[in-house]
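A.B. asks: This is final_39.cif, which holds mmCIF, N, CA and C atoms:
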```
data_upload
loop_
_atom_site.group_PDB
_atom_site.id
_atom_site.type_symbol
_atom_site.label_atom_id
_atom_site.label_comp_id
_atom_site.auth_asym_id
_atom_site.auth_seq_id
_atom_site.Cartn_x
_atom_site.Cartn_y
_atom_site.Cartn_z
ATOM 1 N N MET I 1 -18.735 -23.311 10.751
ATOM 2 C CA MET I 1 -19.964 -23.787 11.331
ATOM 3 C C MET I 1 -20.085 -25.280 11.028
ATOM 4 N N ASN I 2 -20.537 -26.042 11.985
ATOM 5 C CA ASN I 2 -20.631 -27.483 11.759
ATOM 6 C C ASN I 2 -21.907 -27.849 10.991
ATOM 7 N N GLY I 3 -21.936 -29.058 10.495
ATOM 8 C CA GLY I 3 -23.043 -29.515 9.664
ATOM 9 C C GLY I 3 -24.384 -29.474 10.359
ATOM 10 N N HIS I 4 -24.393 -29.823 11.647
ATOM 11 C CA HIS I 4 -25.655 -29.827 12.391
ATOM 12 C C HIS I 4 -26.243 -28.418 12.462
ATOM 13 N N ALA I 5 -25.406 -27.433 12.731
ATOM 14 C CA ALA I 5 -25.869 -26.045 12.831
ATOM 15 C C ALA I 5 -26.390 -25.547 11.485
ATOM 16 N N ILE I 6 -25.707 -25.905 10.415
ATOM 17 C CA ILE I 6 -26.147 -25.475 9.086
ATOM 18 C C ILE I 6 -27.500 -26.099 8.747
ATOM 19 N N LEU I 7 -27.645 -27.386 9.011
ATOM 20 C CA LEU I 7 -28.918 -28.044 8.721
ATOM 21 C C LEU I 7 -30.032 -27.501 9.604
ATOM 22 N N GLU I 8 -29.731 -27.107 10.824
ATOM 23 C CA GLU I 8 -30.721 -26.475 11.695
ATOM 24 C C GLU I 8 -31.139 -25.121 11.116
ATOM 25 N N ASN I 9 -30.180 -24.362 10.585
ATOM 26 C CA ASN I 9 -30.513 -23.090 9.933
ATOM 27 C C ASN I 9 -31.423 -23.328 8.736
ATOM 28 N N VAL I 10 -31.121 -24.330 7.943
ATOM 29 C CA VAL I 10 -31.940 -24.647 6.769
ATOM 30 C C VAL I 10 -33.365 -24.981 7.206
ATOM 31 N N ARG I 11 -33.493 -25.781 8.239
ATOM 32 C CA ARG I 11 -34.819 -26.140 8.758
ATOM 33 C C ARG I 11 -35.571 -24.882 9.211
ATOM 34 N N ARG I 12 -34.873 -24.011 9.910
ATOM 35 C CA ARG I 12 -35.481 -22.779 10.412
ATOM 36 C C ARG I 12 -35.898 -21.870 9.249
ATOM 37 N N TYR I 13 -35.023 -21.710 8.259
ATOM 38 C CA TYR I 13 -35.335 -20.851 7.117
ATOM 39 C C TYR I 13 -36.546 -21.375 6.349
ATOM 40 N N ARG I 14 -36.602 -22.682 6.161
ATOM 41 C CA ARG I 14 -37.742 -23.245 5.439
ATOM 42 C C ARG I 14 -39.026 -23.143 6.245
ATOM 43 N N GLY I 15 -38.921 -23.226 7.563
ATOM 44 C CA GLY I 15 -40.095 -23.021 8.413
ATOM 45 C C GLY I 15 -40.621 -21.607 8.293
ATOM 46 N N ILE I 16 -39.724 -20.639 8.280
ATOM 47 C CA ILE I 16 -40.127 -19.238 8.125
ATOM 48 C C ILE I 16 -40.788 -19.030 6.760
ATOM 49 N N ALA I 17 -40.208 -19.609 5.724
ATOM 50 C CA ALA I 17 -40.790 -19.499 4.383
ATOM 51 C C ALA I 17 -42.196 -20.090 4.359
ATOM 52 N N SER I 18 -42.370 -21.204 5.028
ATOM 53 C CA SER I 18 -43.680 -21.840 5.085
ATOM 54 C C SER I 18 -44.706 -20.941 5.774
ATOM 55 N N LEU I 19 -44.301 -20.285 6.837
ATOM 56 C CA LEU I 19 -45.211 -19.365 7.527
ATOM 57 C C LEU I 19 -45.613 -18.196 6.631
ATOM 58 N N TYR I 20 -44.666 -17.678 5.852
ATOM 59 C CA TYR I 20 -45.003 -16.608 4.912
ATOM 60 C C TYR I 20 -46.017 -17.095 3.874
ATOM 61 N N ARG I 21 -45.828 -18.306 3.357
ATOM 62 C CA ARG I 21 -46.773 -18.836 2.368
ATOM 63 C C ARG I 21 -48.152 -19.040 2.982
ATOM 64 N N GLN I 22 -48.206 -19.555 4.205
ATOM 65 C CA GLN I 22 -49.495 -19.761 4.871
ATOM 66 C C GLN I 22 -50.199 -18.430 5.108
ATOM 67 N N THR I 23 -49.434 -17.431 5.530
ATOM 68 C CA THR I 23 -50.013 -16.109 5.761
ATOM 69 C C THR I 23 -50.534 -15.519 4.466
ATOM 70 N N ALA I 24 -49.816 -15.734 3.373
ATOM 71 C CA ALA I 24 -50.245 -15.219 2.069
ATOM 72 C C ALA I 24 -51.611 -15.784 1.676
ATOM 73 N N ALA I 25 -51.878 -17.019 2.069
ATOM 74 C CA ALA I 25 -53.155 -17.642 1.734
ATOM 75 C C ALA I 25 -54.322 -16.934 2.416
ATOM 76 N N PHE I 26 -54.077 -16.324 3.567
ATOM 77 C CA PHE I 26 -55.137 -15.674 4.320
ATOM 78 C C PHE I 26 -55.149 -14.156 4.168
ATOM 79 N N ARG I 27 -54.180 -13.607 3.458
ATOM 80 C CA ARG I 27 -54.106 -12.160 3.240
ATOM 81 C C ARG I 27 -53.887 -11.878 1.747
ATOM 82 N N PRO I 28 -54.945 -11.989 0.981
ATOM 83 C CA PRO I 28 -54.800 -11.830 -0.472
ATOM 84 C C PRO I 28 -54.230 -10.474 -0.888
ATOM 85 N N GLY I 29 -54.510 -9.435 -0.135
ATOM 86 C CA GLY I 29 -54.004 -8.110 -0.488
ATOM 87 C C GLY I 29 -52.504 -7.986 -0.341
ATOM 88 N N GLN I 30 -51.915 -8.826 0.491
ATOM 89 C CA GLN I 30 -50.471 -8.796 0.732
ATOM 90 C C GLN I 30 -49.763 -10.022 0.182
ATOM 91 N N SER I 31 -50.486 -10.846 -0.538
ATOM 92 C CA SER I 31 -49.932 -12.143 -0.919
ATOM 93 C C SER I 31 -48.649 -12.040 -1.738
ATOM 94 N N TRP I 32 -48.566 -11.094 -2.686
ATOM 95 C CA TRP I 32 -47.361 -11.008 -3.509
ATOM 96 C C TRP I 32 -46.143 -10.668 -2.672
ATOM 97 N N SER I 33 -46.313 -9.745 -1.741
ATOM 98 C CA SER I 33 -45.204 -9.365 -0.870
ATOM 99 C C SER I 33 -44.793 -10.529 0.027
ATOM 100 N N LEU I 34 -45.779 -11.217 0.575
ATOM 101 C CA LEU I 34 -45.497 -12.344 1.464
ATOM 102 C C LEU I 34 -44.831 -13.495 0.707
ATOM 103 N N LEU I 35 -45.296 -13.746 -0.506
ATOM 104 C CA LEU I 35 -44.687 -14.816 -1.299
ATOM 105 C C LEU I 35 -43.260 -14.456 -1.708
ATOM 106 N N GLU I 36 -42.993 -13.184 -1.920
ATOM 107 C CA GLU I 36 -41.623 -12.736 -2.210
ATOM 108 C C GLU I 36 -40.723 -12.994 -0.997
ATOM 109 N N GLN I 37 -41.231 -12.705 0.186
ATOM 110 C CA GLN I 37 -40.470 -12.975 1.410
ATOM 111 C C GLN I 37 -40.201 -14.476 1.545
ATOM 112 N N ALA I 38 -41.215 -15.296 1.265
ATOM 113 C CA ALA I 38 -41.039 -16.754 1.326
ATOM 114 C C ALA I 38 -39.948 -17.201 0.367
ATOM 115 N N SER I 39 -39.953 -16.625 -0.828
ATOM 116 C CA SER I 39 -38.947 -16.972 -1.821
ATOM 117 C C SER I 39 -37.545 -16.599 -1.343
ATOM 118 N N GLU I 40 -37.419 -15.453 -0.694
ATOM 119 C CA GLU I 40 -36.115 -15.033 -0.182
ATOM 120 C C GLU I 40 -35.609 -15.972 0.911
ATOM 121 N N TRP I 41 -36.503 -16.434 1.788
ATOM 122 C CA TRP I 41 -36.082 -17.374 2.836
ATOM 123 C C TRP I 41 -35.694 -18.728 2.240
ATOM 124 N N GLU I 42 -36.424 -19.169 1.206
ATOM 125 C CA GLU I 42 -36.059 -20.415 0.524
ATOM 126 C C GLU I 42 -34.687 -20.280 -0.134
ATOM 127 N N ALA I 43 -34.420 -19.115 -0.708
ATOM 128 C CA ALA I 43 -33.114 -18.877 -1.332
ATOM 129 C C ALA I 43 -32.000 -18.932 -0.288
ATOM 130 N N ARG I 44 -32.257 -18.406 0.896
ATOM 131 C CA ARG I 44 -31.262 -18.486 1.977
ATOM 132 C C ARG I 44 -30.985 -19.937 2.344
ATOM 133 N N ALA I 45 -32.053 -20.721 2.444
ATOM 134 C CA ALA I 45 -31.890 -22.138 2.780
ATOM 135 C C ALA I 45 -31.071 -22.847 1.714
ATOM 136 N N LEU I 46 -31.382 -22.590 0.457
ATOM 137 C CA LEU I 46 -30.655 -23.211 -0.648
ATOM 138 C C LEU I 46 -29.190 -22.791 -0.646
ATOM 139 N N SER I 47 -28.943 -21.526 -0.378
ATOM 140 C CA SER I 47 -27.571 -21.022 -0.323
ATOM 141 C C SER I 47 -26.768 -21.720 0.767
ATOM 142 N N GLU I 48 -27.388 -21.905 1.935
ATOM 143 C CA GLU I 48 -26.717 -22.609 3.041
ATOM 144 C C GLU I 48 -26.375 -24.042 2.633
ATOM 145 N N LEU I 49 -27.342 -24.720 1.997
ATOM 146 C CA LEU I 49 -27.102 -26.103 1.576
ATOM 147 C C LEU I 49 -25.997 -26.183 0.526
ATOM 148 N N GLU I 50 -26.032 -25.272 -0.431
ATOM 149 C CA GLU I 50 -24.997 -25.278 -1.468
ATOM 150 C C GLU I 50 -23.618 -25.032 -0.875
ATOM 151 N N ALA I 51 -23.514 -24.111 0.054
ATOM 152 C CA ALA I 51 -22.227 -23.823 0.683
ATOM 153 C C ALA I 51 -21.752 -25.029 1.492
ATOM 154 N N TYR I 52 -22.670 -25.651 2.210
ATOM 155 C CA TYR I 52 -22.319 -26.813 3.034
ATOM 156 C C TYR I 52 -21.826 -27.968 2.175
ATOM 157 N N PHE I 53 -22.602 -28.339 1.171
ATOM 158 C CA PHE I 53 -22.209 -29.475 0.344
ATOM 159 C C PHE I 53 -21.047 -29.133 -0.570
ATOM 160 N N GLY I 54 -20.922 -27.873 -0.961
ATOM 161 C CA GLY I 54 -19.771 -27.449 -1.751
ATOM 162 C C GLY I 54 -18.482 -27.593 -0.967
ATOM 163 N N SER I 55 -18.515 -27.223 0.315
ATOM 164 C CA SER I 55 -17.306 -27.354 1.133
ATOM 165 C C SER I 55 -16.990 -28.822 1.398
ATOM 166 N N ARG I 56 -18.003 -29.649 1.527
ATOM 167 C CA ARG I 56 -17.768 -31.087 1.739
ATOM 168 C C ARG I 56 -17.163 -31.716 0.491
ATOM 169 N N THR I 57 -17.620 -31.288 -0.680
ATOM 170 C CA THR I 57 -17.085 -31.807 -1.936
ATOM 171 C C THR I 57 -15.634 -31.391 -2.104
ATOM 172 N N ASP I 58 -15.338 -30.139 -1.741
ATOM 173 C CA ASP I 58 -13.960 -29.662 -1.840
ATOM 174 C C ASP I 58 -13.018 -30.467 -0.963
ATOM 175 N N HIS I 59 -13.471 -30.821 0.226
ATOM 176 C CA HIS I 59 -12.631 -31.600 1.149
ATOM 177 C C HIS I 59 -12.499 -33.059 0.718
ATOM 178 N N ALA I 60 -13.505 -33.563 0.028
ATOM 179 C CA ALA I 60 -13.479 -34.963 -0.371
ATOM 180 C C ALA I 60 -12.757 -35.189 -1.706
ATOM 181 N N ALA I 61 -12.480 -34.108 -2.426
ATOM 182 C CA ALA I 61 -11.849 -34.256 -3.738
ATOM 183 C C ALA I 61 -10.424 -34.780 -3.568
ATOM 184 N N PRO I 62 -10.016 -35.711 -4.419
ATOM 185 C CA PRO I 62 -8.645 -36.237 -4.332
ATOM 186 C C PRO I 62 -7.623 -35.177 -4.725
ATOM 187 N N LEU I 63 -6.475 -35.262 -4.156
ATOM 188 C CA LEU I 63 -5.399 -34.322 -4.452
ATOM 189 C C LEU I 63 -4.747 -34.695 -5.783
ATOM 190 N N ALA I 64 -4.436 -33.691 -6.581
ATOM 191 C CA ALA I 64 -3.755 -33.936 -7.848
ATOM 192 C C ALA I 64 -2.287 -34.213 -7.591
ATOM 193 N N ALA I 65 -1.729 -35.164 -8.319
ATOM 194 C CA ALA I 65 -0.316 -35.531 -8.108
ATOM 195 C C ALA I 65 0.592 -34.716 -8.965
#
```
Do you think you could lay out the structure here as structure tokens?
C.D. replies:
Amino acid sequence: MNGHAILENVRRYRGIASLYRQTAAFRPGQSWSLLEQASEWEARALSELEAYFGSRTDHAAPLAA
């Protein structure tokens, strides 16, 4: 997957997490569940970023002689 697609996924995942947090503010009875969902979407975004930058670091590392 190219960098643009990965960053678009990250943007989308963080947007979804934000919607869960906003909904939690208006639904106190479900807030813990909604905040857990937000946390899971944030974790997905972080995982995508780590994989993306990890692969870039691997490609940029100098070759051992």
A.B. asks: Could you state the separation of atom C of Arg12 (chain I) and CA of Gly29 (chain I) in Å, given to one decimal place?
C.D. replies: 24.7 Å
A.B. asks: As a PDB file with N, CA and C atoms, in the frame of the given file, please: the residues near Leu34 (chain I) (cut-off 7 Å, only C-alpha atoms, same-chain neighbours under 5 positions excluded).
C.D. replies:
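For reference, result_16.pdb as written:
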```
ATOM      1  N   TYR I  20     -44.666 -17.678   5.852  1.00  0.00           N
ATOM      2  CA  TYR I  20     -45.003 -16.608   4.912  1.00  0.00           C
ATOM      3  C   TYR I  20     -46.017 -17.095   3.874  1.00  0.00           C
ATOM      4  N   ARG I  21     -45.828 -18.306   3.357  1.00  0.00           N
ATOM      5  CA  ARG I  21     -46.773 -18.836   2.368  1.00  0.00           C
ATOM      6  C   ARG I  21     -48.152 -19.040   2.982  1.00  0.00           C
ATOM      7  N   ALA I  24     -49.816 -15.734   3.373  1.00  0.00           N
ATOM      8  CA  ALA I  24     -50.245 -15.219   2.069  1.00  0.00           C
ATOM      9  C   ALA I  24     -51.611 -15.784   1.676  1.00  0.00           C
TER      10      ALA I  24
END
```
A.B. asks: Let me know the residues the PyMOL selection byres ((chain I and resi 41) around 8) catches in the file above, as a list in words.
C.D. replies: Arg12, Tyr13, Arg14, Gly15, Ile16, Ala17, Ser18, Leu35, Glu36, Gln37, Ala38, Ser39, Glu40, Glu42, Ala43, Arg44, Ala45, Leu46 and Ser47 of chain I
A.B. asks: Just to confirm, what's the straight-line distance from CA of Ala51 (chain I) to atom N of Thr23 (chain I) in Å (one decimal)?
C.D. replies: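 It comes out at 28.4 Å.
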A.B. asks: Interatomic distance between atom C of Ala5 (chain I) and atom N of Thr57 (chain I)?
C.D. replies: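 Separating atom C of Ala5 (chain I) from atom N of Thr57 (chain I) is a distance of 16.1 Å.
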A.B. asks: Around all of region 14-26 of chain I's listed atoms, make the axis-aligned box with 8 Å on each side and tell me centre and edge lengths in Å to one decimal, as AutoDock Vina command-line options.
C.D. replies:
```
--center_x -45.9 --center_y -18.7 --center_z 5.0 --size_x 34.5 --size_y 25.1 --size_z 22.7
```
